[in-house]
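**Student:** The structure is given below, and queries will be raised subsequently.
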Amino acid sequence: MTDPKPTANRSHGTGTWSLIRAERAALAAELEDLIDEQWATPSLCTGLTVREVLAHLTAGASLTTVRWLAGVIRCRFDFDKQVAVRLAEQVGATPAETLERFRRIVPSTTKPALPVIAVLGETLVHGEDIRRPLGIRHDYPIDVVTQVAEYYRGSDLVVVAKGRVGGLRLVADDGPFTTGSGPVVSGPTLALVMAMTGRAAYCDDLEGDGVELLRGRCGTA
């Protein structure tokens, strides 16, 4: 379980970076004892193993705005290709090296041109992309998951989330998060976040008249 502190100034960059560091450190600790076969497990990101998703997180924490833009130009604005190139740079020769590279970026505040809350969202969502296929359960402080849900309900910046939940009413049953109007989708805040970002597997944890509509909107993550 991660430490829910600090509680002060969480809407500001400094407080959010402390949450990101805590979540990265927790993920690194949970992956310490994986065997090679587990590292090759398909993640919830279509086409990527859990090892490759971890490398993707490392890449994101190693990429300044200038390097990101240079890479996009070099890849002729093919953003998927840019992601693949950066992932390949960070995956390493062995799973142990992949994990060690991730450990090194735990305290990093380097990021592309994204708001800090988007980095927290990426950390949480990709952490679950890794954990769920491996059967790892992680307990997030509810205020952290709620912050991420509040961000995604109003943004399509990194992934389509706002557009995916249009015309639906989302209601968390473990915290204060609610949004929208229309057929209801209710359940844990984490499951709502993951479904908002296209992970259909988490629709199994939700209920309400809008669940199947949301499931149908979940495409490739």
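Ordered as shown in the structure tokens, chains take letters A, B, and onward, while each chain numbers its residues from 1 and ligands are numbered from 1 in the order shown.
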List the spatial neighbours of Pro107 in chain A as a VMD selection string - criterion: any atom at most 12 Å away, only C-alpha atoms, same-chain residues fewer than 4 positions off excluded.
**Tutor:** chain A and resid 14 17 to 25 58 61 to 62 101 to 103 111
**Student:** Restricted to C-alpha atoms, what would the selected residues look like written as a PDB file, in the first residue's frame?
**Tutor:**
```pdb
ATOM      1  CA  THR A  14       5.083  19.801  -5.945  1.00  0.00           C
ATOM      2  CA  TRP A  17       5.170  14.965  -8.029  1.00  0.00           C
ATOM      3  CA  SER A  18       5.369  13.437  -4.548  1.00  0.00           C
ATOM      4  CA  LEU A  19       2.377  11.238  -5.421  1.00  0.00           C
ATOM      5  CA  ILE A  20       4.007  10.220  -8.697  1.00  0.00           C
ATOM      6  CA  ARG A  21       7.205   9.245  -6.908  1.00  0.00           C
ATOM      7  CA  ALA A  22       5.252   7.191  -4.383  1.00  0.00           C
ATOM      8  CA  GLU A  23       3.360   5.325  -7.100  1.00  0.00           C
ATOM      9  CA  ARG A  24       6.503   4.662  -9.146  1.00  0.00           C
ATOM     10  CA  ALA A  25       8.332   3.355  -6.076  1.00  0.00           C
ATOM     11  CA  THR A  58      10.714   5.025 -18.078  1.00  0.00           C
ATOM     12  CA  ALA A  61      10.072  10.177 -17.414  1.00  0.00           C
ATOM     13  CA  SER A  62      13.263  10.642 -19.447  1.00  0.00           C
ATOM     14  CA  ARG A 101      16.162   1.751 -15.450  1.00  0.00           C
ATOM     15  CA  PHE A 102      12.677   2.329 -14.082  1.00  0.00           C
ATOM     16  CA  ARG A 103      13.996   2.551 -10.525  1.00  0.00           C
ATOM     17  CA  LYS A 111       8.304  15.239 -18.661  1.00  0.00           C
TER      18      LYS A 111
END
```
**Student:** As a VMD selection string, please: all residues of range 123-216 of chain A that backbone DSSP puts in alpha helix (DSSP H).
**Tutor:** chain A and resid 123 to 134 142 to 153 189 to 196 211 to 216
**Student:** Tell me, in Å to one decimal, how far CA of Leu157 in chain A is from CA of Gly121 in chain A.
**Tutor:**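 According to the coordinates, CA of Leu157 in chain A and CA of Gly121 in chain A are separated by 11.4 Å.
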**Student:** With only C-alpha atoms as the atoms that count, which of A:Met196, A:Ala55, A:Ala149, A:Leu48 lies nearest to Gly166 in chain A?
**Tutor:** A:Met196
**Student:** Tell me which of A:Asp209, A:Glu100, A:Asp156, A:Glu150 sits closest to Ala29 in chain A, counting only C-alpha atoms.
**Tutor:** A:Glu100
**Student:** Point out the residue among A:Gly13, A:Leu44, A:Met194, A:Arg153 with the least atom-to-atom distance to Arg132 in chain A, counting only C-alpha atoms.
**Tutor:**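 The answer is A:Leu44, which sits nearest to Arg132 in chain A.
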**Student:** Could you give me, as an MDAnalysis selection string, each residue of range 30-220 of chain A that DSSP assigns to strand (DSSP E or B) when run on this structure's backbone?
**Tutor:** chainID A and resid 42 49 169:172 178:179 184:187 207
**Student:** Would you kindly return, as a PyMOL selection string, each protein, DNA or RNA residue with an atom no farther than 9 Å from any atom of range 200-202 of chain A, considering only C-alpha atoms and excluding same-chain residues fewer than 6 positions away?
**Tutor:** chain A and resi 44+190-194+214-219+221
**Student:** Could you save those same residues with N, CA and C atoms as an mmCIF file, in the first residue's frame?
**Tutor:**
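What follows is the written file selection-v7.cif:
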```cif
data_model
loop_
_atom_site.group_PDB
_atom_site.id
_atom_site.type_symbol
_atom_site.label_atom_id
_atom_site.label_comp_id
_atom_site.auth_asym_id
_atom_site.auth_seq_id
_atom_site.Cartn_x
_atom_site.Cartn_y
_atom_site.Cartn_z
ATOM 1 N N LEU A 44 -2.327 -4.799 -20.590
ATOM 2 C CA LEU A 44 -3.601 -4.305 -21.098
ATOM 3 C C LEU A 44 -3.417 -3.328 -22.248
ATOM 4 N N LEU A 190 -11.198 3.473 -9.319
ATOM 5 C CA LEU A 190 -10.129 2.958 -10.169
ATOM 6 C C LEU A 190 -10.695 2.312 -11.432
ATOM 7 N N ALA A 191 -11.737 1.519 -11.293
ATOM 8 C CA ALA A 191 -12.342 0.871 -12.463
ATOM 9 C C ALA A 191 -12.923 1.905 -13.419
ATOM 10 N N LEU A 192 -13.501 2.966 -12.874
ATOM 11 C CA LEU A 192 -14.017 4.036 -13.726
ATOM 12 C C LEU A 192 -12.888 4.702 -14.507
ATOM 13 N N VAL A 193 -11.784 4.984 -13.834
ATOM 14 C CA VAL A 193 -10.625 5.589 -14.507
ATOM 15 C C VAL A 193 -10.130 4.695 -15.632
ATOM 16 N N MET A 194 -9.991 3.424 -15.355
ATOM 17 C CA MET A 194 -9.434 2.512 -16.353
ATOM 18 C C MET A 194 -10.390 2.334 -17.532
ATOM 19 N N LEU A 214 -20.366 1.856 -22.516
ATOM 20 C CA LEU A 214 -18.970 2.216 -22.238
ATOM 21 C C LEU A 214 -18.023 1.126 -22.713
ATOM 22 N N ARG A 215 -18.385 -0.123 -22.487
ATOM 23 C CA ARG A 215 -17.542 -1.236 -22.942
ATOM 24 C C ARG A 215 -17.352 -1.170 -24.452
ATOM 25 N N GLY A 216 -18.422 -0.852 -25.175
ATOM 26 C CA GLY A 216 -18.326 -0.771 -26.622
ATOM 27 C C GLY A 216 -17.446 0.367 -27.101
ATOM 28 N N ARG A 217 -17.253 1.366 -26.259
ATOM 29 C CA ARG A 217 -16.393 2.491 -26.612
ATOM 30 C C ARG A 217 -14.930 2.250 -26.257
ATOM 31 N N CYS A 218 -14.670 1.170 -25.553
ATOM 32 C CA CYS A 218 -13.289 0.848 -25.174
ATOM 33 C C CYS A 218 -12.624 0.105 -26.331
ATOM 34 N N GLY A 219 -11.713 0.772 -26.993
ATOM 35 C CA GLY A 219 -10.996 0.137 -28.078
ATOM 36 C C GLY A 219 -9.598 -0.216 -27.650
ATOM 37 N N ALA A 221 -6.125 0.131 -26.217
ATOM 38 C CA ALA A 221 -5.555 1.042 -25.217
ATOM 39 C C ALA A 221 -4.138 1.415 -25.584
#
```
